[in-house]
file coords_30.cif (mmCIF, C-alpha atoms and all ligand atoms)
data_upload
loop_
_atom_site.label_atom_id
_atom_site.label_comp_id
_atom_site.auth_asym_id
_atom_site.auth_seq_id
_atom_site.Cartn_x
_atom_site.Cartn_y
_atom_site.Cartn_z
CA MET F 1 122.52 100.36 121.08
CA LYS F 2 120.30 103.42 121.17
CA HIS F 3 116.81 103.04 119.68
CA ILE F 4 114.87 106.04 118.39
CA ILE F 5 111.22 105.05 118.37
CA THR F 6 108.25 106.99 117.01
CA LEU F 7 105.62 107.36 119.71
CA ILE F 8 102.07 108.23 118.66
CA PRO F 9 100.11 108.66 121.93
CA GLY F 10 96.71 108.63 120.16
CA ASP F 11 93.56 110.10 121.71
CA GLY F 12 90.80 109.14 124.16
CA THR F 13 92.57 106.90 126.68
CA GLY F 14 95.56 106.49 124.30
CA PRO F 15 97.81 109.05 126.06
CA GLU F 16 97.28 107.36 129.47
CA ILE F 17 98.24 103.89 128.31
CA SER F 18 101.07 105.29 126.17
CA GLU F 19 102.55 107.07 129.16
CA ALA F 20 102.31 103.89 131.25
CA THR F 21 103.95 101.90 128.44
CA VAL F 22 106.81 104.37 127.98
CA ARG F 23 107.57 104.13 131.70
CA VAL F 24 107.71 100.31 131.76
CA VAL F 25 109.85 100.15 128.61
CA GLU F 26 112.30 102.65 130.09
CA ALA F 27 112.39 100.64 133.33
CA THR F 28 113.85 97.68 131.42
CA GLY F 29 117.00 99.79 131.03
CA ILE F 30 117.20 99.81 127.24
CA ASP F 31 118.61 102.93 125.63
CA VAL F 32 115.59 104.56 124.02
CA GLU F 33 114.61 107.99 122.74
CA TRP F 34 110.97 108.70 121.86
CA ASP F 35 110.14 110.80 118.82
CA VAL F 36 106.66 111.95 119.88
CA VAL F 37 104.20 112.89 117.11
CA ASN F 38 100.44 112.63 117.05
CA ALA F 39 97.56 111.99 114.67
CA GLY F 40 93.77 111.88 114.84
CA ALA F 41 90.74 114.13 115.23
CA GLU F 42 92.25 116.25 118.01
CA VAL F 43 95.28 116.99 115.81
CA TYR F 44 92.92 118.02 112.99
CA GLU F 45 91.67 120.97 115.07
CA LYS F 46 95.21 122.43 115.15
CA GLU F 47 96.81 121.21 111.96
CA GLY F 48 93.94 120.75 109.49
CA THR F 49 94.81 117.11 108.84
CA VAL F 50 94.29 113.90 110.81
CA LEU F 51 97.60 112.48 109.64
CA PRO F 52 100.29 115.21 109.55
CA ASP F 53 103.41 114.73 107.41
CA LYS F 54 105.60 114.83 110.51
CA VAL F 55 104.02 111.53 111.67
CA LEU F 56 104.80 109.90 108.35
CA ASP F 57 108.30 111.42 108.22
CA SER F 58 109.05 110.22 111.75
CA LEU F 59 108.06 106.64 110.92
CA ARG F 60 109.98 106.76 107.63
CA LYS F 61 113.07 107.86 109.52
CA ASN F 62 112.86 105.66 112.62
CA LYS F 63 111.28 102.54 111.01
CA ILE F 64 109.77 101.52 114.38
CA GLY F 65 106.73 103.03 116.06
CA ILE F 66 104.32 102.39 118.88
CA LYS F 67 100.88 103.89 118.86
CA GLY F 68 97.97 104.43 121.23
CA PRO F 69 94.49 103.96 119.81
CA ILE F 70 93.00 106.74 117.67
CA THR F 71 89.27 107.51 117.51
CA THR F 72 87.62 107.34 114.10
CA PRO F 73 84.67 109.75 114.48
CA VAL F 74 81.51 108.26 112.97
CA GLY F 75 79.82 110.13 110.12
CA THR F 76 82.39 112.92 109.67
CA GLY F 77 84.07 111.67 106.52
CA PHE F 78 87.39 111.06 108.33
CA ARG F 79 89.19 108.02 107.04
CA SER F 80 90.64 105.79 109.69
CA VAL F 81 94.17 106.99 110.46
CA ASN F 82 95.01 103.42 111.42
CA VAL F 83 93.98 102.01 108.04
CA ALA F 84 95.70 104.91 106.21
CA MET F 85 99.07 104.23 107.89
CA ARG F 86 98.87 100.52 107.07
CA LYS F 87 98.30 101.43 103.41
CA ILE F 88 100.90 104.21 103.12
CA PHE F 89 103.70 102.05 104.55
CA ASP F 90 102.48 98.73 103.13
CA LEU F 91 102.30 97.21 106.61
CA TYR F 92 101.00 94.03 105.06
CA ALA F 93 101.23 91.74 108.09
CA CYS F 94 99.07 92.12 111.15
CA LEU F 95 100.46 90.03 113.98
CA ARG F 96 98.12 89.25 116.85
CA PRO F 97 99.38 86.89 119.57
CA CYS F 98 96.65 85.48 121.81
CA LYS F 99 98.23 84.06 124.93
CA SER F 100 96.77 83.02 128.29
CA TYR F 101 98.09 84.80 131.37
CA PRO F 102 97.06 83.29 134.73
CA GLY F 103 94.88 85.80 136.55
CA VAL F 104 93.01 86.94 133.43
CA LYS F 105 89.43 85.68 133.46
CA SER F 106 88.86 83.40 130.47
CA ARG F 107 87.30 80.09 129.51
CA TYR F 108 90.59 78.48 128.46
CA LYS F 109 94.00 78.07 130.01
CA ASP F 110 97.46 77.68 128.49
CA LEU F 111 96.64 79.01 125.05
CA ASP F 112 99.40 80.49 122.94
CA LEU F 113 98.10 81.23 119.47
CA ILE F 114 99.55 83.55 116.85
CA ILE F 115 97.21 85.06 114.27
CA VAL F 116 98.85 86.43 111.13
CA ARG F 117 96.37 88.51 109.13
CA GLU F 118 96.95 89.94 105.67
CA ASN F 119 96.42 93.68 106.02
CA THR F 120 96.10 95.25 102.56
CA GLU F 121 93.89 93.20 100.22
CA ASP F 122 90.58 91.36 100.21
CA LEU F 123 87.27 93.08 100.96
CA TYR F 124 89.28 95.67 102.92
CA ALA F 125 90.86 97.07 99.75
CA GLY F 126 88.10 99.70 99.74
CA ILE F 127 86.82 98.93 96.23
CA GLU F 128 83.15 99.56 96.73
CA PHE F 129 80.25 100.59 94.54
CA GLU F 130 77.28 102.30 96.14
CA LEU F 131 73.63 101.42 95.61
CA ASN F 132 72.07 103.11 92.54
CA LYS F 133 75.27 104.93 91.41
CA PRO F 134 75.76 104.89 87.60
CA GLU F 135 79.09 103.04 87.95
CA THR F 136 77.38 100.39 90.12
CA LEU F 137 74.75 99.81 87.44
CA GLU F 138 77.53 99.65 84.84
CA ILE F 139 79.28 96.90 86.82
CA ILE F 140 76.00 95.01 87.10
CA ASP F 141 75.57 95.22 83.29
CA PHE F 142 79.22 94.23 82.76
CA ILE F 143 78.83 91.11 84.89
CA LYS F 144 75.63 90.19 83.09
CA SER F 145 77.42 90.51 79.73
CA LYS F 146 80.58 88.60 80.76
CA LYS F 147 79.25 85.97 83.14
CA ASP F 148 75.57 85.81 82.33
CA ILE F 149 74.80 86.39 85.98
CA GLN F 150 72.14 88.93 86.88
CA ILE F 151 72.99 90.81 90.06
CA LYS F 152 69.91 92.48 91.54
CA LYS F 153 69.78 96.12 90.39
CA ASP F 154 69.23 97.28 93.98
CA SER F 155 72.64 95.97 95.09
CA GLY F 156 75.75 97.57 96.52
CA ILE F 157 78.97 95.87 95.45
CA SER F 158 82.27 95.32 97.28
CA ILE F 159 85.17 93.75 95.42
CA LYS F 160 87.50 91.16 96.92
CA PRO F 161 90.95 91.18 95.29
CA ILE F 162 93.53 88.64 96.50
CA SER F 163 96.85 88.48 94.65
CA VAL F 164 99.53 85.80 94.33
CA SER F 165 102.20 88.30 95.36
CA GLY F 166 100.23 89.54 98.40
CA SER F 167 99.44 85.96 99.47
CA GLU F 168 103.05 84.88 99.04
CA LYS F 169 104.26 87.73 101.23
CA ILE F 170 101.89 87.10 104.12
CA ILE F 171 102.23 83.30 104.01
CA ARG F 172 106.00 83.52 103.91
CA PHE F 173 105.85 85.99 106.81
CA ALA F 174 103.85 83.42 108.83
CA PHE F 175 106.31 80.59 108.13
CA GLU F 176 109.33 82.81 108.84
CA TYR F 177 107.71 83.91 112.11
CA ALA F 178 107.12 80.25 113.00
CA LYS F 179 110.74 79.39 112.18
CA LYS F 180 112.22 82.28 114.15
CA ASN F 181 110.02 81.66 117.19
CA ASN F 182 110.25 77.85 117.32
CA ARG F 183 106.62 77.33 116.42
CA LYS F 184 105.63 73.88 115.23
CA LYS F 185 102.66 74.35 112.91
CA VAL F 186 101.13 76.88 110.50
CA THR F 187 97.46 76.59 109.54
CA GLY F 188 96.20 78.37 106.40
CA VAL F 189 92.58 79.49 106.66
CA HIS F 190 90.29 80.05 103.64
CA LYS F 191 86.93 79.36 102.02
CA ALA F 192 88.43 77.89 98.86
CA ASN F 193 85.65 75.34 98.41
CA ILE F 194 83.25 78.17 97.50
CA ILE F 195 85.35 81.22 96.62
CA LYS F 196 87.67 79.58 94.16
CA TYR F 197 89.55 82.38 92.41
CA THR F 198 90.55 84.39 95.49
CA ASP F 199 90.52 82.03 98.47
CA GLY F 200 91.48 79.20 96.11
CA LEU F 201 94.49 81.23 95.01
CA PHE F 202 95.39 81.88 98.65
CA LEU F 203 95.18 78.15 99.42
CA ASP F 204 97.28 77.14 96.39
CA THR F 205 99.89 79.71 97.40
CA PHE F 206 99.82 78.43 100.98
CA ARG F 207 100.46 74.84 99.85
CA ARG F 208 103.30 75.94 97.55
CA ILE F 209 105.08 78.08 100.16
CA ALA F 210 104.62 75.40 102.85
CA LEU F 211 106.88 73.10 100.76
CA GLU F 212 109.76 75.54 101.37
CA TYR F 213 109.49 74.87 105.13
CA PRO F 214 109.70 71.09 105.59
CA GLY F 215 110.57 71.51 109.30
CA ILE F 216 107.23 73.14 110.07
CA GLU F 217 103.97 71.22 109.97
CA SER F 218 101.34 72.77 107.73
CA GLU F 219 97.63 72.20 107.26
CA ASP F 220 94.65 74.16 106.03
CA ARG F 221 91.16 74.74 107.37
CA ILE F 222 87.95 76.13 105.92
CA VAL F 223 87.14 79.27 107.87
CA ASP F 224 83.75 78.16 109.26
CA ASN F 225 85.24 74.89 110.50
CA MET F 226 88.18 76.88 111.91
CA CYS F 227 85.77 78.96 114.03
CA MET F 228 84.21 75.84 115.50
CA GLN F 229 87.57 74.23 116.14
CA LEU F 230 88.92 77.35 117.84
CA VAL F 231 86.00 77.24 120.24
CA GLN F 232 86.21 73.47 120.83
CA LYS F 233 89.95 72.74 120.85
CA PRO F 234 92.01 75.91 120.46
CA GLU F 235 95.02 74.28 122.11
CA ILE F 236 95.82 72.22 119.01
CA TYR F 237 96.58 75.36 116.94
CA ASP F 238 99.80 77.31 116.83
CA VAL F 239 100.21 79.91 114.03
CA LEU F 240 97.23 80.75 111.80
CA VAL F 241 97.58 82.72 108.55
CA LEU F 242 94.51 84.31 107.01
CA PRO F 243 93.36 86.74 104.31
CA ASN F 244 92.27 90.15 105.63
CA LEU F 245 88.59 89.75 106.50
CA TYR F 246 88.80 86.28 108.08
CA GLY F 247 91.90 87.50 109.93
CA ASP F 248 89.98 90.48 111.29
CA ILE F 249 87.17 88.31 112.61
CA LEU F 250 89.25 85.41 113.92
CA SER F 251 91.76 87.63 115.69
CA ASP F 252 88.96 89.07 117.83
CA LEU F 253 87.60 85.57 118.36
CA ALA F 254 91.03 84.40 119.50
CA ALA F 255 91.43 87.48 121.76
CA GLY F 256 88.13 86.44 123.35
CA LEU F 257 89.54 82.97 124.05
CA VAL F 258 92.28 84.45 126.23
CA GLY F 259 90.30 87.11 128.07
CA GLY F 260 89.43 89.91 125.67
CA LEU F 261 90.80 93.05 124.07
CA GLY F 262 92.28 94.51 127.28
CA VAL F 263 95.12 91.99 127.07
CA ALA F 264 95.46 91.61 123.27
CA PRO F 265 98.58 93.15 121.72
CA GLY F 266 99.18 93.73 118.03
CA ALA F 267 101.66 94.78 115.40
CA ASN F 268 101.43 95.94 111.81
CA ILE F 269 104.60 94.99 110.01
CA GLY F 270 105.96 95.75 106.55
CA ASP F 271 109.30 95.01 104.90
CA GLU F 272 110.76 98.26 106.25
CA ILE F 273 108.52 99.70 108.94
CA ALA F 274 106.74 98.17 111.93
CA LEU F 275 104.04 99.84 114.01
CA PHE F 276 102.99 98.28 117.30
CA GLU F 277 99.58 98.93 118.83
CA ALA F 278 96.97 97.52 121.18
CA THR F 279 94.05 95.79 119.57
CA HIS F 280 91.39 97.73 121.46
CA GLY F 281 90.13 101.20 120.56
CA SER F 282 90.38 104.53 122.35
CA ALA F 283 87.65 103.70 124.94
CA PRO F 284 86.73 107.44 124.99
CA LYS F 285 84.26 107.12 127.86
CA TYR F 286 87.21 106.45 130.21
CA LYS F 287 89.36 109.32 128.88
CA GLY F 288 91.35 111.06 131.62
CA LEU F 289 90.01 108.77 134.36
CA ASN F 290 93.20 106.71 134.88
CA ARG F 291 91.05 103.56 134.79
CA ILE F 292 91.76 101.41 131.77
CA ASN F 293 94.05 98.46 131.51
CA PRO F 294 97.45 99.27 129.93
CA THR F 295 98.35 95.58 129.38
CA ALA F 296 97.52 95.36 125.66
CA LEU F 297 99.79 98.28 124.75
CA MET F 298 102.52 97.06 127.11
CA LEU F 299 102.40 93.60 125.52
CA SER F 300 102.60 95.34 122.11
CA ALA F 301 105.79 96.93 123.46
CA VAL F 302 107.03 93.41 124.30
CA LEU F 303 106.54 92.48 120.63
CA MET F 304 108.35 95.67 119.65
CA LEU F 305 111.31 94.89 121.91
CA ARG F 306 111.60 91.42 120.33
CA HIS F 307 111.41 93.01 116.88
CA ILE F 308 114.35 95.31 117.64
CA ASN F 309 116.32 92.39 119.10
CA GLU F 310 116.02 93.52 122.72
CA SER F 311 114.81 90.07 123.72
CA LYS F 312 116.15 90.22 127.28
CA ALA F 313 114.19 93.42 127.96
CA ALA F 314 111.15 91.86 126.24
CA ASP F 315 111.30 88.76 128.46
CA VAL F 316 111.66 90.80 131.67
CA LEU F 317 108.79 93.10 130.71
CA GLU F 318 106.48 90.24 129.75
CA LYS F 319 107.32 88.32 132.92
CA SER F 320 106.72 91.39 135.09
CA ILE F 321 103.33 92.10 133.49
CA ALA F 322 102.39 88.40 133.88
CA GLU F 323 103.38 88.34 137.57
CA VAL F 324 101.44 91.51 138.43
CA ILE F 325 98.37 90.08 136.68
CA LYS F 326 98.79 86.70 138.40
CA GLU F 327 99.07 88.32 141.85
CA GLY F 328 95.86 90.20 141.01
CA LYS F 329 96.42 92.98 143.53
CA ASP F 330 97.69 96.01 141.59
CA VAL F 331 95.48 95.55 138.55
CA THR F 332 92.78 97.61 136.84
CA TYR F 333 89.05 97.01 137.32
CA ASP F 334 88.65 94.68 134.35
CA LEU F 335 91.18 92.22 135.82
CA LYS F 336 89.41 92.03 139.19
CA PRO F 337 86.81 89.33 139.90
CA TYR F 338 84.08 92.04 139.91
CA ARG F 339 84.13 95.18 137.77
CA ASP F 340 83.23 97.44 140.73
CA ASP F 341 85.89 95.91 143.02
CA PRO F 342 87.06 98.80 145.24
CA SER F 343 90.62 97.40 145.37
CA ALA F 344 91.16 97.99 141.62
CA VAL F 345 94.03 100.37 140.90
CA GLY F 346 94.41 102.92 138.10
CA THR F 347 96.36 102.67 134.84
CA SER F 348 99.43 104.43 136.24
CA GLN F 349 99.44 102.49 139.54
CA MET F 350 99.42 99.22 137.58
CA ALA F 351 102.43 100.56 135.64
CA ASP F 352 104.15 101.39 138.99
CA ALA F 353 103.63 97.78 140.16
CA ILE F 354 105.07 96.43 136.89
CA ILE F 355 108.11 98.73 137.19
CA LYS F 356 108.69 97.45 140.74
CA LYS F 357 108.59 93.88 139.40
CA ILE F 358 111.02 94.74 136.57
CA LYS F 359 113.46 96.10 139.15
CA GLU F 360 113.12 92.96 141.31
CA LEU F 361 113.61 90.65 138.33
CA SER F 362 116.54 92.63 137.00
CA GLY F 363 118.20 92.31 140.41
P1 LIG T 1 87.07 100.25 122.39
O1 LIG T 1 88.02 99.10 122.32
O2 LIG T 1 87.67 101.59 122.43
O3 LIG T 1 86.20 100.12 123.70
C1 LIG T 1 85.10 99.28 123.89
C2 LIG T 1 84.96 99.00 125.39
O4 LIG T 1 85.91 98.00 125.74
C3 LIG T 1 85.29 100.19 126.30
O5 LIG T 1 84.22 101.02 126.52
C4 LIG T 1 85.75 99.47 127.54
O6 LIG T 1 84.63 99.05 128.28
C5 LIG T 1 86.46 98.26 127.01
N1 LIG T 1 87.91 98.46 126.87
C6 LIG T 1 88.62 98.66 125.73
N2 LIG T 1 89.91 98.72 126.00
C7 LIG T 1 90.04 98.55 127.32
C8 LIG T 1 91.16 98.52 128.21
N3 LIG T 1 92.41 98.67 127.77
N4 LIG T 1 90.93 98.34 129.53
C9 LIG T 1 89.70 98.18 130.00
N5 LIG T 1 88.59 98.20 129.22
C10 LIG T 1 88.77 98.37 127.90
O7 LIG T 1 86.07 100.09 121.15
P2 LIG T 1 85.08 101.12 120.46
O8 LIG T 1 84.29 101.83 121.53
O9 LIG T 1 84.39 100.35 119.41
O10 LIG T 1 86.03 102.18 119.74
C11 LIG T 1 86.30 103.49 120.22
C12 LIG T 1 87.07 104.25 119.14
O11 LIG T 1 88.35 103.65 118.93
C13 LIG T 1 86.37 104.26 117.78
O12 LIG T 1 86.46 105.56 117.24
C14 LIG T 1 87.18 103.28 116.95
O13 LIG T 1 87.15 103.62 115.58
C15 LIG T 1 88.55 103.46 117.53
N6 LIG T 1 89.42 102.27 117.34
C16 LIG T 1 90.74 102.53 117.14
C17 LIG T 1 91.61 101.47 117.00
C18 LIG T 1 93.05 101.77 116.73
O14 LIG T 1 93.49 102.90 116.95
N7 LIG T 1 93.84 100.81 116.30
C19 LIG T 1 91.17 100.15 117.09
C20 LIG T 1 89.81 99.92 117.36
C21 LIG T 1 88.95 101.00 117.48
#

call {"tool": "encode", "arguments": {"input": "coords_30.cif", "output": "structure tokens"}}
result
Amino acid sequence: MKHIITLIPGDGTGPEISEATVRVVEATGIDVEWDVVNAGAEVYEKEGTVLPDKVLDSLRKNKIGIKGPITTPVGTGFRSVNVAMRKIFDLYACLRPCKSYPGVKSRYKDLDLIIVRENTEDLYAGIEFELNKPETLEIIDFIKSKKDIQIKKDSGISIKPISVSGSEKIIRFAFEYAKKNNRKKVTGVHKANIIKYTDGLFLDTFRRIALEYPGIESEDRIVDNMCMQLVQKPEIYDVLVLPNLYGDILSDLAAGLVGGLGVAPGANIGDEIALFEATHGSAPKYKGLNRINPTALMLSAVLMLRHINESKAADVLEKSIAEVIKEGKDVTYDLKPYRDDPSAVGTSQMADAIIKKIKELSG
């Protein structure tokens, strides 16, 4: 079956790792056509918008996309294109696998954790009230009148909404993922002991949905304890499901357990559309240097291939990436024992080595 996939190369080092990823996906032999569109600050210069309609139309039409990182310039008033796309398409689930690959420097071995982060609610909903603004002072007065709590007048306020429907969707997504991928346990993470009406609601929803999946073990953890446990005994966890902010923090923590952002893939998934992307940013200081590690975007492509039911191609690609990393010869600087190792290869040479492996494995 032919797949038409939206490809957003991104900016900074995005185009280099996107090109490398396209080549390895094509080497698996699947029938794919790329619908290439771009977004971000560089596009703004030509088109007057950071997120042109043709990007949105392409994703609406193809339903599947893969994206290189996009720079969010600081202090220019640009909204993050990444956050905007998640909102527009209601990509409510952020999937972040954190898996050990021999050859990647890390403190732990044999980890295989899945972090499922809610992507649309919580303190990320963007409901914020700035210091000294009339509406901020109004909220402070409102809270005093309704709750008899005096917030300091010199406060900024950010609001944390968590809904039953949003929690149900993300928790069900986590259990369904566990079921489909033969995972044994789902852990719900929260701070319900203190934040009762939002995290408490998330926890109640977690316990209720867990009953629908008797074949999968479920448990919950308070987020601070979860951080300690992930550092002390990460191997006892399997799938974690978290509200947005805790998910943001713990997914980077978990990426750190397996060797950092250079090898951490990701996906933003909604009911209709899924957008796959590396976890790291555009690393602009390496732009055009053919230096950075393409693994995170390639592993995001592995997730994408599984999502479109090309599991054979996904397995071959993942195995080929893993073998090249394990051999440690044709890898980028960050995967060498020393960062200035002269034997490090460039982004595209690492892709060449992976393609060679794909061909060997495919016989
Ligand atoms: P970054 O991830 O781009 O880079 C931080 C450092 O990590 C780099 O300088 C480099 O040393 C290292 N690094 C990152 N990826 C690497 C790779 N694949 N191989 C080797 N080394 C790698 O983080 P940043 O500097 O905070 O962000 C740069 C820009 O990217 C910002 O504008 C930010 O908003 C944006 N960003 C975009 C996304 C996205 O598109 N989803 C995600 C995060 C950040």

call {"tool": "residues_near_ligand", "arguments": {"input": "coords_30.cif", "ligand": "ligand LIG 1 (chain T)", "cutoff": "6 Å", "atoms": "only C-alpha atoms and all ligand atoms", "output": "list in words"}}
result
Pro69, Ile70, Thr71, Thr72, Pro73, Asn82, Gly262, Thr279, His280, Gly281, Ser282, Ala283, Ile292, Asn293, Pro294 and Asp334 of chain F

call {"tool": "residues_around", "arguments": {"input": "coords_30.cif", "residues": "Glu16 in chain F", "least_positions_apart": "6", "cutoff": "9 Å", "atoms": "only C-alpha atoms", "output": "VMD selection string"}}
result
chain F and resid 9 68 287 to 290 292 294 347 to 348

call {"tool": "residues_around", "arguments": {"input": "coords_30.cif", "residues": "Thr187 in chain F", "least_positions_apart": "3", "cutoff": "10 Å", "atoms": "only C-alpha atoms", "output": "JSON, numbers by chain"}}
result
{"F": [115, 171, 174, 175, 190, 206, 210, 217, 218, 219, 220, 221, 226, 237, 238, 239, 240, 241, 242]}

call {"tool": "closest_residue", "arguments": {"input": "coords_30.cif", "among": "F:Glu33, F:Glu272, F:Asp110, F:Glu45", "to": "Gly259 in chain F", "atoms": "all atoms listed in the file"}}
result
F:Asp110

call {"tool": "atom_distance", "arguments": {"input": "coords_30.cif", "atom1": "CA of His307 in chain F", "atom2": "CA of Ile269 in chain F"}}
result
9.9 Å

call {"tool": "atom_distance", "arguments": {"input": "coords_30.cif", "atom1": "CA of Ser343 in chain F", "atom2": "CA of Asp330 in chain F"}}
result
8.1 Å

call {"tool": "atom_distance", "arguments": {"input": "coords_30.cif", "atom1": "CA of Phe202 in chain F", "atom2": "CA of Val164 in chain F"}}
result
7.2 Å

call {"tool": "closest_residue", "arguments": {"input": "coords_30.cif", "among": "F:Glu47, F:Asp112, F:Leu59, F:Lys147", "to": "Pro97 in chain F", "atoms": "all atoms listed in the file"}}
result
F:Asp112

call {"tool": "residues_near_point", "arguments": {"input": "coords_30.cif", "point": "(123.2, 101.9, 116.9)", "cutoff": "12 Å", "atoms": "all atoms listed in the file", "output": "PyMOL selection string"}}
result
chain F and resi 1-4+31-32+62+308-309

call {"tool": "closest_residue", "arguments": {"input": "coords_30.cif", "among": "F:Lys285, F:Lys144, F:Lys312, F:Lys160", "to": "Asp122 in chain F", "atoms": "all atoms listed in the file"}}
result
F:Lys160

call {"tool": "residues_around", "arguments": {"input": "coords_30.cif", "residues": "range 356-358 of chain F", "least_positions_apart": "2", "cutoff": "9 Å", "atoms": "only C-alpha atoms", "output": "ChimeraX atom specification"}}
result
/F:24,27-28,316-317,319-321,323-324,351-354,360-363

call {"tool": "residues_around", "arguments": {"input": "coords_30.cif", "residues": "Ile236 in chain F", "least_positions_apart": "3", "cutoff": "10 Å", "atoms": "only C-alpha atoms", "output": "ChimeraX atom specification"}}
result
/F:111-113,185,229-230,232-233

call {"tool": "closest_residue", "arguments": {"input": "coords_30.cif", "among": "F:Asp340, F:Glu42, F:Glu235, F:Glu26", "to": "Gly10 in chain F", "atoms": "all atoms listed in the file"}}
result
F:Glu42

call {"tool": "closest_residue", "arguments": {"input": "coords_30.cif", "among": "F:Ser155, F:Asn193, F:Thr205, F:Asn268", "to": "Glu138 in chain F", "atoms": "only C-alpha atoms"}}
result
F:Ser155

call {"tool": "residues_around", "arguments": {"input": "coords_30.cif", "residues": "Ala267 in chain F", "least_positions_apart": "5", "cutoff": "9 Å", "atoms": "all atoms listed in the file", "output": "JSON, numbers by chain"}}
result
{"F": [66, 93, 94, 95, 96, 274, 275, 276, 277, 278, 279, 300, 303, 304]}

call {"tool": "write_last_selection", "arguments": {"input": "coords_30.cif", "atoms": "C-alpha atoms", "output": "PDB file, in the frame of the given file"}}
result
ATOM      1  CA  ILE F  66     104.320 102.390 118.880  1.00  0.00           C
ATOM      2  CA  ALA F  93     101.230  91.740 108.090  1.00  0.00           C
ATOM      3  CA  CYS F  94      99.070  92.120 111.150  1.00  0.00           C
ATOM      4  CA  LEU F  95     100.460  90.030 113.980  1.00  0.00           C
ATOM      5  CA  ARG F  96      98.120  89.250 116.850  1.00  0.00           C
ATOM      6  CA  ALA F 274     106.740  98.170 111.930  1.00  0.00           C
ATOM      7  CA  LEU F 275     104.040  99.840 114.010  1.00  0.00           C
ATOM      8  CA  PHE F 276     102.990  98.280 117.300  1.00  0.00           C
ATOM      9  CA  GLU F 277      99.580  98.930 118.830  1.00  0.00           C
ATOM     10  CA  ALA F 278      96.970  97.520 121.180  1.00  0.00           C
ATOM     11  CA  THR F 279      94.050  95.790 119.570  1.00  0.00           C
ATOM     12  CA  SER F 300     102.600  95.340 122.110  1.00  0.00           C
ATOM     13  CA  LEU F 303     106.540  92.480 120.630  1.00  0.00           C
ATOM     14  CA  MET F 304     108.350  95.670 119.650  1.00  0.00           C
TER      15      MET F 304
END

call {"tool": "build_atoms", "arguments": {"input": "coords_30.cif", "residues": "range 263-267 of chain F", "atoms": "all heavy atoms", "output": "PDB file, keeping the file's coordinate frame"}}
result
ATOM      1  N   VAL F 263      93.806  92.647 126.972  1.00  0.00           N
ATOM      2  CA  VAL F 263      95.120  91.990 127.070  1.00  0.00           C
ATOM      3  C   VAL F 263      95.647  91.536 125.705  1.00  0.00           C
ATOM      4  O   VAL F 263      96.554  90.714 125.624  1.00  0.00           O
ATOM      5  CB  VAL F 263      95.072  90.763 128.027  1.00  0.00           C
ATOM      6  CG1 VAL F 263      94.861  91.213 129.457  1.00  0.00           C
ATOM      7  CG2 VAL F 263      93.984  89.775 127.614  1.00  0.00           C
ATOM      8  N   ALA F 264      95.075  92.086 124.605  1.00  0.00           N
ATOM      9  CA  ALA F 264      95.460  91.610 123.270  1.00  0.00           C
ATOM     10  C   ALA F 264      96.382  92.607 122.572  1.00  0.00           C
ATOM     11  O   ALA F 264      95.955  93.685 122.167  1.00  0.00           O
ATOM     12  CB  ALA F 264      94.207  91.372 122.424  1.00  0.00           C
ATOM     13  N   PRO F 265      97.654  92.244 122.409  1.00  0.00           N
ATOM     14  CA  PRO F 265      98.580  93.150 121.720  1.00  0.00           C
ATOM     15  C   PRO F 265      98.498  92.968 120.204  1.00  0.00           C
ATOM     16  O   PRO F 265      97.904  92.010 119.707  1.00  0.00           O
ATOM     17  CB  PRO F 265      99.942  92.661 122.217  1.00  0.00           C
ATOM     18  CG  PRO F 265      99.744  91.199 122.446  1.00  0.00           C
ATOM     19  CD  PRO F 265      98.308  90.997 122.839  1.00  0.00           C
ATOM     20  N   GLY F 266      99.152  93.866 119.475  1.00  0.00           N
ATOM     21  CA  GLY F 266      99.180  93.730 118.030  1.00  0.00           C
ATOM     22  C   GLY F 266     100.354  94.454 117.411  1.00  0.00           C
ATOM     23  O   GLY F 266     101.004  95.282 118.045  1.00  0.00           O
ATOM     24  N   ALA F 267     100.614  94.092 116.150  1.00  0.00           N
ATOM     25  CA  ALA F 267     101.660  94.780 115.400  1.00  0.00           C
ATOM     26  C   ALA F 267     101.278  94.768 113.935  1.00  0.00           C
ATOM     27  O   ALA F 267     100.663  93.809 113.450  1.00  0.00           O
ATOM     28  CB  ALA F 267     102.991  94.049 115.584  1.00  0.00           C
TER      29      ALA F 267
END
